[in-house]
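Text of upload.pdb, listed as PDB, N, CA, C and O atoms:
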MODEL        1
ATOM      1  N   MET A 349      18.965  30.185  -0.952
ATOM      2  CA  MET A 349      18.644  29.798   0.403
ATOM      3  C   MET A 349      17.117  29.735   0.608
ATOM      4  O   MET A 349      16.622  28.831   1.241
ATOM      5  N   ARG A 350      16.414  30.719   0.065
ATOM      6  CA  ARG A 350      14.963  30.730   0.205
ATOM      7  C   ARG A 350      14.341  29.515  -0.480
ATOM      8  O   ARG A 350      13.373  28.938   0.007
ATOM      9  N   THR A 351      14.904  29.151  -1.632
ATOM     10  CA  THR A 351      14.386  27.992  -2.356
ATOM     11  C   THR A 351      14.563  26.727  -1.530
ATOM     12  O   THR A 351      13.652  25.901  -1.453
ATOM     13  N   LEU A 352      15.707  26.587  -0.907
ATOM     14  CA  LEU A 352      15.973  25.416  -0.072
ATOM     15  C   LEU A 352      14.997  25.363   1.105
ATOM     16  O   LEU A 352      14.424  24.311   1.393
ATOM     17  N   LEU A 353      14.787  26.485   1.761
ATOM     18  CA  LEU A 353      13.835  26.536   2.875
ATOM     19  C   LEU A 353      12.424  26.211   2.407
ATOM     20  O   LEU A 353      11.684  25.506   3.098
ATOM     21  N   ALA A 354      12.045  26.707   1.247
ATOM     22  CA  ALA A 354      10.708  26.431   0.711
ATOM     23  C   ALA A 354      10.550  24.940   0.418
ATOM     24  O   ALA A 354       9.508  24.346   0.717
ATOM     25  N   LEU A 355      11.567  24.309  -0.140
ATOM     26  CA  LEU A 355      11.501  22.879  -0.428
ATOM     27  C   LEU A 355      11.410  22.048   0.843
ATOM     28  O   LEU A 355      10.654  21.081   0.918
ATOM     29  N   VAL A 356      12.169  22.426   1.853
ATOM     30  CA  VAL A 356      12.110  21.717   3.135
ATOM     31  C   VAL A 356      10.721  21.860   3.747
ATOM     32  O   VAL A 356      10.141  20.886   4.223
ATOM     33  N   PHE A 357      10.185  23.052   3.718
ATOM     34  CA  PHE A 357       8.848  23.292   4.257
ATOM     35  C   PHE A 357       7.800  22.464   3.520
ATOM     36  O   PHE A 357       6.963  21.816   4.134
ATOM     37  N   LEU A 358       7.876  22.452   2.195
ATOM     38  CA  LEU A 358       6.907  21.699   1.404
ATOM     39  C   LEU A 358       7.020  20.194   1.644
ATOM     40  O   LEU A 358       6.019  19.481   1.630
ATOM     41  N   SER A 359       8.221  19.711   1.901
ATOM     42  CA  SER A 359       8.372  18.275   2.148
ATOM     43  C   SER A 359       7.696  17.875   3.460
ATOM     44  O   SER A 359       7.233  16.747   3.590
ATOM     45  N   PHE A 360       7.630  18.762   4.417
ATOM     46  CA  PHE A 360       6.946  18.458   5.676
ATOM     47  C   PHE A 360       5.433  18.655   5.564
ATOM     48  O   PHE A 360       4.660  17.959   6.206
ATOM     49  N   VAL A 361       5.007  19.584   4.751
ATOM     50  CA  VAL A 361       3.597  19.906   4.624
ATOM     51  C   VAL A 361       2.893  18.997   3.612
ATOM     52  O   VAL A 361       1.751  18.603   3.820
ATOM     53  N   ALA A 362       3.585  18.659   2.537
ATOM     54  CA  ALA A 362       2.969  17.871   1.464
ATOM     55  C   ALA A 362       2.576  16.491   1.962
ATOM     56  O   ALA A 362       3.254  15.874   2.760
ATOM     57  N   CYS A 363       1.478  16.010   1.488
ATOM     58  CA  CYS A 363       0.951  14.705   1.871
ATOM     59  C   CYS A 363       1.229  13.730   0.739
ATOM     60  O   CYS A 363       0.917  14.008  -0.399
ATOM     61  N   THR A 364       1.817  12.609   1.050
ATOM     62  CA  THR A 364       2.074  11.609   0.027
ATOM     63  C   THR A 364       1.009  10.540   0.114
ATOM     64  O   THR A 364       0.770   9.975   1.170
ATOM     65  N   VAL A 365       0.367  10.272  -1.003
ATOM     66  CA  VAL A 365      -0.651   9.231  -1.067
ATOM     67  C   VAL A 365      -0.137   8.149  -2.001
ATOM     68  O   VAL A 365       0.219   8.426  -3.142
ATOM     69  N   GLN A 366      -0.079   6.920  -1.501
ATOM     70  CA  GLN A 366       0.417   5.800  -2.290
ATOM     71  C   GLN A 366      -0.648   5.344  -3.283
ATOM     72  O   GLN A 366      -1.829   5.377  -2.994
ATOM     73  N   SER A 367      -0.195   4.880  -4.421
ATOM     74  CA  SER A 367      -1.116   4.368  -5.426
ATOM     75  C   SER A 367      -1.480   2.919  -5.117
ATOM     76  O   SER A 367      -0.860   2.269  -4.278
ATOM     77  N   THR A 368      -2.465   2.399  -5.796
ATOM     78  CA  THR A 368      -2.896   1.023  -5.614
ATOM     79  C   THR A 368      -1.734   0.082  -5.911
ATOM     80  O   THR A 368      -1.063   0.225  -6.921
ATOM     81  N   GLY A 369      -1.494  -0.860  -5.011
ATOM     82  CA  GLY A 369      -0.403  -1.815  -5.154
ATOM     83  C   GLY A 369       0.888  -1.376  -4.505
ATOM     84  O   GLY A 369       1.833  -2.155  -4.407
ATOM     85  N   ALA A 370       0.961  -0.128  -4.021
ATOM     86  CA  ALA A 370       2.164   0.381  -3.369
ATOM     87  C   ALA A 370       2.159   0.005  -1.888
ATOM     88  O   ALA A 370       1.119  -0.264  -1.310
ATOM     89  N   ARG A 371       3.322   0.007  -1.284
ATOM     90  CA  ARG A 371       3.434  -0.314   0.149
ATOM     91  C   ARG A 371       2.786   0.753   1.007
ATOM     92  O   ARG A 371       2.739   1.918   0.635
ATOM     93  N   CYS A 372       2.309   0.335   2.163
ATOM     94  CA  CYS A 372       1.688   1.261   3.100
ATOM     95  C   CYS A 372       1.867   0.740   4.521
ATOM     96  O   CYS A 372       2.250  -0.406   4.730
ATOM     97  N   GLU A 373       1.581   1.594   5.487
ATOM     98  CA  GLU A 373       1.620   1.216   6.894
ATOM     99  C   GLU A 373       0.275   1.421   7.574
ATOM    100  O   GLU A 373       0.025   0.883   8.626
ATOM    101  N   GLN A 374      -0.555   2.252   6.972
ATOM    102  CA  GLN A 374      -1.874   2.563   7.532
ATOM    103  C   GLN A 374      -2.784   3.052   6.414
ATOM    104  O   GLN A 374      -2.307   3.399   5.341
ATOM    105  N   ASN A 375      -4.072   3.078   6.664
ATOM    106  CA  ASN A 375      -5.030   3.503   5.641
ATOM    107  C   ASN A 375      -4.744   4.902   5.126
ATOM    108  O   ASN A 375      -4.943   5.180   3.945
ATOM    109  N   ALA A 376      -4.264   5.794   5.987
ATOM    110  CA  ALA A 376      -4.007   7.175   5.593
ATOM    111  C   ALA A 376      -2.913   7.272   4.529
ATOM    112  O   ALA A 376      -2.826   8.269   3.822
ATOM    113  N   ASP A 377      -2.078   6.228   4.378
ATOM    114  CA  ASP A 377      -1.042   6.225   3.356
ATOM    115  C   ASP A 377      -1.628   6.011   1.962
ATOM    116  O   ASP A 377      -0.991   6.321   0.969
ATOM    117  N   CYS A 378      -2.813   5.438   1.893
ATOM    118  CA  CYS A 378      -3.433   5.080   0.612
ATOM    119  C   CYS A 378      -4.409   6.157   0.140
ATOM    120  O   CYS A 378      -4.780   7.048   0.897
ATOM    121  N   ASN A 379      -4.838   6.021  -1.086
ATOM    122  CA  ASN A 379      -5.804   6.949  -1.666
ATOM    123  C   ASN A 379      -7.203   6.580  -1.160
ATOM    124  O   ASN A 379      -7.976   5.930  -1.861
ATOM    125  N   THR A 380      -7.516   6.979   0.060
ATOM    126  CA  THR A 380      -8.809   6.629   0.662
ATOM    127  C   THR A 380      -9.975   7.271  -0.089
ATOM    128  O   THR A 380     -11.058   6.700  -0.130
ATOM    129  N   ALA A 381      -9.739   8.419  -0.694
ATOM    130  CA  ALA A 381     -10.800   9.065  -1.478
ATOM    131  C   ALA A 381     -11.153   8.207  -2.696
ATOM    132  O   ALA A 381     -12.284   8.228  -3.165
ATOM    133  N   GLY A 382     -10.185   7.436  -3.180
ATOM    134  CA  GLY A 382     -10.419   6.555  -4.311
ATOM    135  C   GLY A 382     -10.878   5.164  -3.904
ATOM    136  O   GLY A 382     -11.045   4.284  -4.742
ATOM    137  N   GLY A 383     -11.042   4.947  -2.595
ATOM    138  CA  GLY A 383     -11.540   3.667  -2.102
ATOM    139  C   GLY A 383     -10.469   2.664  -1.725
ATOM    140  O   GLY A 383     -10.764   1.499  -1.494
ATOM    141  N   ASP A 384      -9.195   3.104  -1.656
ATOM    142  CA  ASP A 384      -8.118   2.192  -1.277
ATOM    143  C   ASP A 384      -7.929   2.140   0.233
ATOM    144  O   ASP A 384      -8.141   3.134   0.927
ATOM    145  N   VAL A 385      -7.528   0.974   0.715
ATOM    146  CA  VAL A 385      -7.214   0.761   2.125
ATOM    147  C   VAL A 385      -5.908  -0.030   2.210
ATOM    148  O   VAL A 385      -5.499  -0.686   1.258
ATOM    149  N   CYS A 386      -5.266   0.016   3.360
ATOM    150  CA  CYS A 386      -4.007  -0.686   3.580
ATOM    151  C   CYS A 386      -4.316  -2.119   4.022
ATOM    152  O   CYS A 386      -4.984  -2.340   5.026
ATOM    153  N   ARG A 387      -3.845  -3.094   3.258
ATOM    154  CA  ARG A 387      -4.137  -4.506   3.512
ATOM    155  C   ARG A 387      -2.859  -5.327   3.591
ATOM    156  O   ARG A 387      -1.824  -4.935   3.069
ATOM    157  N   ARG A 388      -2.944  -6.494   4.213
ATOM    158  CA  ARG A 388      -1.794  -7.404   4.283
ATOM    159  C   ARG A 388      -1.470  -7.901   2.885
ATOM    160  O   ARG A 388      -2.358  -8.263   2.125
ATOM    161  N   TRP A 389      -0.179  -7.971   2.572
ATOM    162  CA  TRP A 389       0.238  -8.445   1.265
ATOM    163  C   TRP A 389      -0.079  -9.926   1.103
ATOM    164  O   TRP A 389      -0.518 -10.361   0.049
ATOM    165  N   SER A 390       0.116 -10.692   2.161
ATOM    166  CA  SER A 390      -0.108 -12.134   2.078
ATOM    167  C   SER A 390      -1.586 -12.496   2.036
ATOM    168  O   SER A 390      -1.956 -13.542   1.530
ATOM    169  N   ASP A 391      -2.441 -11.626   2.586
ATOM    170  CA  ASP A 391      -3.884 -11.887   2.596
ATOM    171  C   ASP A 391      -4.626 -10.549   2.553
ATOM    172  O   ASP A 391      -4.995 -10.014   3.596
ATOM    173  N   PRO A 392      -4.831  -9.996   1.356
ATOM    174  CA  PRO A 392      -5.448  -8.675   1.228
ATOM    175  C   PRO A 392      -6.866  -8.561   1.781
ATOM    176  O   PRO A 392      -7.396  -7.469   1.873
ATOM    177  N   SER A 393      -7.476  -9.668   2.177
ATOM    178  CA  SER A 393      -8.803  -9.558   2.776
ATOM    179  C   SER A 393      -8.712  -9.079   4.224
ATOM    180  O   SER A 393      -9.712  -8.734   4.823
ATOM    181  N   GLN A 394      -7.491  -9.036   4.778
ATOM    182  CA  GLN A 394      -7.291  -8.622   6.172
ATOM    183  C   GLN A 394      -6.619  -7.257   6.242
ATOM    184  O   GLN A 394      -5.778  -6.927   5.421
ATOM    185  N   ALA A 395      -7.004  -6.484   7.254
ATOM    186  CA  ALA A 395      -6.400  -5.174   7.483
ATOM    187  C   ALA A 395      -4.929  -5.338   7.840
ATOM    188  O   ALA A 395      -4.505  -6.397   8.303
ATOM    189  N   CYS A 396      -4.173  -4.300   7.651
ATOM    190  CA  CYS A 396      -2.732  -4.352   7.840
ATOM    191  C   CYS A 396      -2.331  -4.685   9.276
ATOM    192  O   CYS A 396      -1.524  -5.556   9.493
ATOM    193  N   GLY A 397      -2.863  -4.006  10.260
ATOM    194  CA  GLY A 397      -2.456  -4.251  11.641
ATOM    195  C   GLY A 397      -0.993  -3.911  11.844
ATOM    196  O   GLY A 397      -0.549  -2.843  11.474
ATOM    197  N   THR A 398      -0.215  -4.832  12.389
ATOM    198  CA  THR A 398       1.207  -4.583  12.639
ATOM    199  C   THR A 398       2.097  -5.269  11.616
ATOM    200  O   THR A 398       3.303  -5.283  11.748
ATOM    201  N   ASP A 399       1.520  -5.869  10.593
ATOM    202  CA  ASP A 399       2.270  -6.544   9.541
ATOM    203  C   ASP A 399       3.080  -5.515   8.755
ATOM    204  O   ASP A 399       2.523  -4.556   8.240
ATOM    205  N   PRO A 400       4.399  -5.679   8.657
ATOM    206  CA  PRO A 400       5.211  -4.693   7.946
ATOM    207  C   PRO A 400       5.070  -4.778   6.419
ATOM    208  O   PRO A 400       5.511  -3.893   5.717
ATOM    209  N   SER A 401       4.486  -5.836   5.916
ATOM    210  CA  SER A 401       4.347  -6.011   4.471
ATOM    211  C   SER A 401       2.904  -5.757   4.051
ATOM    212  O   SER A 401       2.128  -6.685   3.851
ATOM    213  N   CYS A 402       2.553  -4.499   3.930
ATOM    214  CA  CYS A 402       1.187  -4.132   3.559
ATOM    215  C   CYS A 402       1.193  -3.338   2.269
ATOM    216  O   CYS A 402       2.167  -2.688   1.926
ATOM    217  N   ILE A 403       0.064  -3.407   1.546
ATOM    218  CA  ILE A 403      -0.081  -2.697   0.283
ATOM    219  C   ILE A 403      -1.446  -2.021   0.215
ATOM    220  O   ILE A 403      -2.377  -2.428   0.890
ATOM    221  N   CYS A 404      -1.527  -0.993  -0.612
ATOM    222  CA  CYS A 404      -2.794  -0.301  -0.834
ATOM    223  C   CYS A 404      -3.612  -1.089  -1.850
ATOM    224  O   CYS A 404      -3.133  -1.385  -2.939
ATOM    225  N   CYS A 405      -4.829  -1.436  -1.465
ATOM    226  CA  CYS A 405      -5.728  -2.180  -2.345
ATOM    227  C   CYS A 405      -7.121  -1.568  -2.265
ATOM    228  O   CYS A 405      -7.479  -0.976  -1.249
ATOM    229  N   PRO A 406      -7.916  -1.747  -3.312
ATOM    230  CA  PRO A 406      -9.299  -1.273  -3.251
ATOM    231  C   PRO A 406     -10.050  -1.993  -2.130
ATOM    232  O   PRO A 406      -9.832  -3.186  -1.896
ATOM    233  N   GLU A 407     -10.906  -1.277  -1.446
ATOM    234  CA  GLU A 407     -11.709  -1.882  -0.377
ATOM    235  C   GLU A 407     -12.692  -2.895  -0.955
ATOM    236  O   GLU A 407     -12.984  -3.916  -0.338
ATOM    237  N   SER A 408     -13.158  -2.647  -2.156
ATOM    238  CA  SER A 408     -14.088  -3.544  -2.832
ATOM    239  C   SER A 408     -13.349  -4.812  -3.260
ATOM    240  O   SER A 408     -12.347  -4.751  -3.972
ATOM    241  N   ALA A 409     -13.839  -5.973  -2.835
ATOM    242  CA  ALA A 409     -13.213  -7.247  -3.197
ATOM    243  C   ALA A 409     -13.223  -7.462  -4.708
ATOM    244  O   ALA A 409     -12.270  -7.996  -5.277
ATOM    245  N   ALA A 410     -14.283  -7.037  -5.380
ATOM    246  CA  ALA A 410     -14.373  -7.192  -6.836
ATOM    247  C   ALA A 410     -13.309  -6.356  -7.540
ATOM    248  O   ALA A 410     -12.663  -6.816  -8.484
ATOM    249  N   ALA A 411     -13.100  -5.133  -7.076
ATOM    250  CA  ALA A 411     -12.081  -4.268  -7.674
ATOM    251  C   ALA A 411     -10.682  -4.779  -7.349
ATOM    252  O   ALA A 411      -9.786  -4.759  -8.187
ATOM    253  N   ALA A 412     -10.471  -5.281  -6.122
ATOM    254  CA  ALA A 412      -9.168  -5.805  -5.710
ATOM    255  C   ALA A 412      -8.790  -7.043  -6.524
ATOM    256  O   ALA A 412      -7.611  -7.261  -6.819
ATOM    257  N   ALA A 413      -9.767  -7.842  -6.909
ATOM    258  CA  ALA A 413      -9.507  -9.067  -7.676
ATOM    259  C   ALA A 413      -8.912  -8.766  -9.053
ATOM    260  O   ALA A 413      -8.283  -9.634  -9.653
ATOM    261  N   LEU A 414      -9.060  -7.542  -9.542
ATOM    262  CA  LEU A 414      -8.537  -7.159 -10.846
ATOM    263  C   LEU A 414      -7.086  -6.697 -10.786
ATOM    264  O   LEU A 414      -6.464  -6.456 -11.815
ATOM    265  N   ILE A 415      -6.537  -6.564  -9.570
ATOM    266  CA  ILE A 415      -5.174  -6.068  -9.389
ATOM    267  C   ILE A 415      -4.318  -7.202  -8.840
ATOM    268  O   ILE A 415      -4.552  -7.670  -7.718
ATOM    269  N   PRO A 416      -3.332  -7.682  -9.611
ATOM    270  CA  PRO A 416      -2.534  -8.833  -9.185
ATOM    271  C   PRO A 416      -1.927  -8.701  -7.788
ATOM    272  O   PRO A 416      -1.931  -9.658  -7.017
ATOM    273  N   ALA A 417      -1.422  -7.532  -7.438
ATOM    274  CA  ALA A 417      -0.807  -7.349  -6.124
ATOM    275  C   ALA A 417      -1.820  -7.476  -4.994
ATOM    276  O   ALA A 417      -1.455  -7.747  -3.856
ATOM    277  N   CYS A 418      -3.089  -7.296  -5.293
ATOM    278  CA  CYS A 418      -4.130  -7.324  -4.272
ATOM    279  C   CYS A 418      -4.870  -8.658  -4.197
ATOM    280  O   CYS A 418      -5.851  -8.777  -3.475
ATOM    281  N   VAL A 419      -4.407  -9.646  -4.943
ATOM    282  CA  VAL A 419      -5.049 -10.955  -4.914
ATOM    283  C   VAL A 419      -4.511 -11.785  -3.760
ATOM    284  O   VAL A 419      -5.217 -12.595  -3.180
ATOM    285  N   GLY A 420      -3.257 -11.604  -3.387
ATOM    286  CA  GLY A 420      -2.661 -12.332  -2.278
ATOM    287  C   GLY A 420      -1.851 -13.519  -2.741
ATOM    288  O   GLY A 420      -1.914 -13.924  -3.892
ATOM    289  N   MET A 421      -1.074 -14.050  -1.829
ATOM    290  CA  MET A 421      -0.238 -15.213  -2.134
ATOM    291  C   MET A 421      -1.047 -16.478  -1.953
ATOM    292  O   MET A 421      -1.759 -16.620  -0.986
ATOM    293  N   ARG A 422      -0.882 -17.391  -2.867
ATOM    294  CA  ARG A 422      -1.480 -18.716  -2.703
ATOM    295  C   ARG A 422      -0.395 -19.716  -2.383
ATOM    296  O   ARG A 422      -0.647 -20.868  -2.167
ATOM    297  N   GLY A 423       0.845 -19.254  -2.407
ATOM    298  CA  GLY A 423       2.014 -20.110  -2.227
ATOM    299  C   GLY A 423       2.830 -20.036  -3.494
ATOM    300  O   GLY A 423       2.285 -19.869  -4.572
ATOM    301  N   THR A 424       4.140 -20.116  -3.381
ATOM    302  CA  THR A 424       4.980 -20.051  -4.562
ATOM    303  C   THR A 424       5.977 -21.190  -4.567
ATOM    304  O   THR A 424       6.438 -21.640  -3.522
ATOM    305  N   ALA A 425       6.301 -21.644  -5.743
ATOM    306  CA  ALA A 425       7.333 -22.656  -5.922
ATOM    307  C   ALA A 425       8.666 -21.935  -6.081
ATOM    308  O   ALA A 425       8.715 -20.718  -6.230
ATOM    309  N   ASP A 426       9.755 -22.672  -6.102
ATOM    310  CA  ASP A 426      11.074 -22.060  -6.240
ATOM    311  C   ASP A 426      11.207 -21.251  -7.520
ATOM    312  O   ASP A 426      11.871 -20.249  -7.557
ATOM    313  N   ALA A 427      10.572 -21.702  -8.569
ATOM    314  CA  ALA A 427      10.676 -21.004  -9.855
ATOM    315  C   ALA A 427       9.735 -19.815  -9.934
ATOM    316  O   ALA A 427       9.716 -19.109 -10.920
ATOM    317  N   GLY A 428       8.939 -19.580  -8.895
ATOM    318  CA  GLY A 428       8.029 -18.449  -8.878
ATOM    319  C   GLY A 428       6.640 -18.777  -9.367
ATOM    320  O   GLY A 428       5.773 -17.925  -9.377
ATOM    321  N   ALA A 429       6.397 -20.017  -9.763
ATOM    322  CA  ALA A 429       5.056 -20.414 -10.183
ATOM    323  C   ALA A 429       4.159 -20.507  -8.956
ATOM    324  O   ALA A 429       4.604 -20.900  -7.893
ATOM    325  N   THR A 430       2.910 -20.150  -9.115
ATOM    326  CA  THR A 430       2.001 -20.209  -7.961
ATOM    327  C   THR A 430       1.379 -21.591  -7.852
ATOM    328  O   THR A 430       1.172 -22.270  -8.830
ATOM    329  N   ALA A 431       1.108 -21.956  -6.619
ATOM    330  CA  ALA A 431       0.447 -23.227  -6.348
ATOM    331  C   ALA A 431      -0.684 -22.983  -5.376
ATOM    332  O   ALA A 431      -0.486 -22.337  -4.356
ATOM    333  N   ASP A 432      -1.870 -23.443  -5.699
ATOM    334  CA  ASP A 432      -3.014 -23.255  -4.794
ATOM    335  C   ASP A 432      -2.798 -24.039  -3.526
ATOM    336  O   ASP A 432      -2.255 -25.139  -3.529
ATOM    337  N   ARG A 433      -3.232 -23.433  -2.410
ATOM    338  CA  ARG A 433      -3.127 -24.116  -1.109
ATOM    339  C   ARG A 433      -4.276 -25.030  -0.907
ATOM    340  O   ARG A 433      -5.362 -24.825  -1.222
TER     341      ARG A 433
ENDMDL
END

Representation of the structure as structure tokens:
Amino acid sequence: MRTLLALVFLSFVACTVQSTGARCEQNADCNTAGGDVCRRWSDPSQACGTDPSCICCPESAAAAALIPACVGMRGTADAGATADR
């Protein structure tokens, strides 16, 4: 019983920090100490706001360009190939 109570307590106290490329809802969800911020999935140059599809990306544009999930959508074809807009 004590173990169960301890686990419940830790689940409320423990802070979960999402890794780069993971979903987020606000900057606090991301590893801000590592320079990550919550950005729109469709356009990582923009802050998340109320968009439900957000991901943690480096604040630095140069660092974000190295992570595929943080590059953003350019448009996709049915087969999944990208097409520049």

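CA of Ala413 in chain A lies 21.4 Å from CA of Val365 in chain A.
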
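Once the PyMOL selection byres ((chain A and resi 380-382) around 8) is applied to the depicted file, the selected set reads Val365, Gln366, Asn375, Ala376, Asp377, Cys378, Asn379, Gly383, Asp384, Val385, Cys386, Cys405, Pro406, Glu407 and Ser408 of chain A.
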
- Would you kindly return, as a VMD selection string, each protein, DNA or RNA residue with an atom no farther than 6 Å from any atom of Cys402 in chain A, considering only N, CA, C and O atoms and excluding same-chain residues fewer than 2 positions away? chain A and resid 370 to 373 386 to 389 396 399 to 400 404

- Atomic distance CA of Ala411 in chain A - CA of Thr368 in chain A, expressed in Å with one decimal: 10.8 Å

Running DSSP on the backbone, which parts of range 366-420 of chain A land in alpha helix (DSSP H), as a PDB file with N, CA, C and O atoms, in the coordinates of the input?
ATOM      1  N   ALA A 409     -13.839  -5.973  -2.835  1.00  0.00           N
ATOM      2  CA  ALA A 409     -13.213  -7.247  -3.197  1.00  0.00           C
ATOM      3  C   ALA A 409     -13.223  -7.462  -4.708  1.00  0.00           C
ATOM      4  O   ALA A 409     -12.270  -7.996  -5.277  1.00  0.00           O
ATOM      5  N   ALA A 410     -14.283  -7.037  -5.380  1.00  0.00           N
ATOM      6  CA  ALA A 410     -14.373  -7.192  -6.836  1.00  0.00           C
ATOM      7  C   ALA A 410     -13.309  -6.356  -7.540  1.00  0.00           C
ATOM      8  O   ALA A 410     -12.663  -6.816  -8.484  1.00  0.00           O
ATOM      9  N   ALA A 411     -13.100  -5.133  -7.076  1.00  0.00           N
ATOM     10  CA  ALA A 411     -12.081  -4.268  -7.674  1.00  0.00           C
ATOM     11  C   ALA A 411     -10.682  -4.779  -7.349  1.00  0.00           C
ATOM     12  O   ALA A 411      -9.786  -4.759  -8.187  1.00  0.00           O
ATOM     13  N   ALA A 412     -10.471  -5.281  -6.122  1.00  0.00           N
ATOM     14  CA  ALA A 412      -9.168  -5.805  -5.710  1.00  0.00           C
ATOM     15  C   ALA A 412      -8.790  -7.043  -6.524  1.00  0.00           C
ATOM     16  O   ALA A 412      -7.611  -7.261  -6.819  1.00  0.00           O
TER      17      ALA A 412
END

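Between atom C of Ala395 in chain A and atom N of Pro416 in chain A the interatomic distance comes to 17.7 Å.
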
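Here the question is which of A:Gln374, A:Leu414, A:Ser367, A:Ile403 gets nearest to Ser390 in chain A using only N, CA, C and O atoms, and that residue is A:Ile403.
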
Would you fill the gaps in range 409-415 of chain A so it has all heavy atoms, then print it as an mmCIF file, keeping the file's coordinate frame?
data_model
loop_
_atom_site.group_PDB
_atom_site.id
_atom_site.type_symbol
_atom_site.label_atom_id
_atom_site.label_comp_id
_atom_site.auth_asym_id
_atom_site.auth_seq_id
_atom_site.Cartn_x
_atom_site.Cartn_y
_atom_site.Cartn_z
ATOM 1 N N ALA A 409 -13.839 -5.973 -2.835
ATOM 2 C CA ALA A 409 -13.213 -7.247 -3.197
ATOM 3 C C ALA A 409 -13.223 -7.462 -4.708
ATOM 4 O O ALA A 409 -12.270 -7.996 -5.277
ATOM 5 C CB ALA A 409 -13.924 -8.396 -2.493
ATOM 6 N N ALA A 410 -14.283 -7.037 -5.380
ATOM 7 C CA ALA A 410 -14.373 -7.192 -6.836
ATOM 8 C C ALA A 410 -13.309 -6.356 -7.540
ATOM 9 O O ALA A 410 -12.663 -6.816 -8.484
ATOM 10 C CB ALA A 410 -15.757 -6.800 -7.322
ATOM 11 N N ALA A 411 -13.100 -5.133 -7.076
ATOM 12 C CA ALA A 411 -12.081 -4.268 -7.674
ATOM 13 C C ALA A 411 -10.682 -4.779 -7.349
ATOM 14 O O ALA A 411 -9.786 -4.759 -8.187
ATOM 15 C CB ALA A 411 -12.255 -2.834 -7.189
ATOM 16 N N ALA A 412 -10.471 -5.281 -6.122
ATOM 17 C CA ALA A 412 -9.168 -5.805 -5.710
ATOM 18 C C ALA A 412 -8.790 -7.043 -6.524
ATOM 19 O O ALA A 412 -7.611 -7.261 -6.819
ATOM 20 C CB ALA A 412 -9.173 -6.127 -4.225
ATOM 21 N N ALA A 413 -9.767 -7.842 -6.909
ATOM 22 C CA ALA A 413 -9.507 -9.067 -7.676
ATOM 23 C C ALA A 413 -8.912 -8.766 -9.053
ATOM 24 O O ALA A 413 -8.283 -9.634 -9.653
ATOM 25 C CB ALA A 413 -10.788 -9.870 -7.823
ATOM 26 N N LEU A 414 -9.060 -7.542 -9.542
ATOM 27 C CA LEU A 414 -8.537 -7.159 -10.846
ATOM 28 C C LEU A 414 -7.086 -6.697 -10.786
ATOM 29 O O LEU A 414 -6.464 -6.456 -11.815
ATOM 30 C CB LEU A 414 -9.406 -6.050 -11.452
ATOM 31 C CG LEU A 414 -10.876 -6.401 -11.661
ATOM 32 C CD1 LEU A 414 -11.645 -5.185 -12.135
ATOM 33 C CD2 LEU A 414 -11.004 -7.559 -12.649
ATOM 34 N N ILE A 415 -6.537 -6.564 -9.570
ATOM 35 C CA ILE A 415 -5.174 -6.068 -9.389
ATOM 36 C C ILE A 415 -4.318 -7.202 -8.840
ATOM 37 O O ILE A 415 -4.552 -7.670 -7.718
ATOM 38 C CB ILE A 415 -5.166 -4.856 -8.436
ATOM 39 C CG1 ILE A 415 -6.034 -3.757 -9.045
ATOM 40 C CG2 ILE A 415 -3.760 -4.367 -8.166
ATOM 41 C CD1 ILE A 415 -6.421 -2.682 -8.111
#
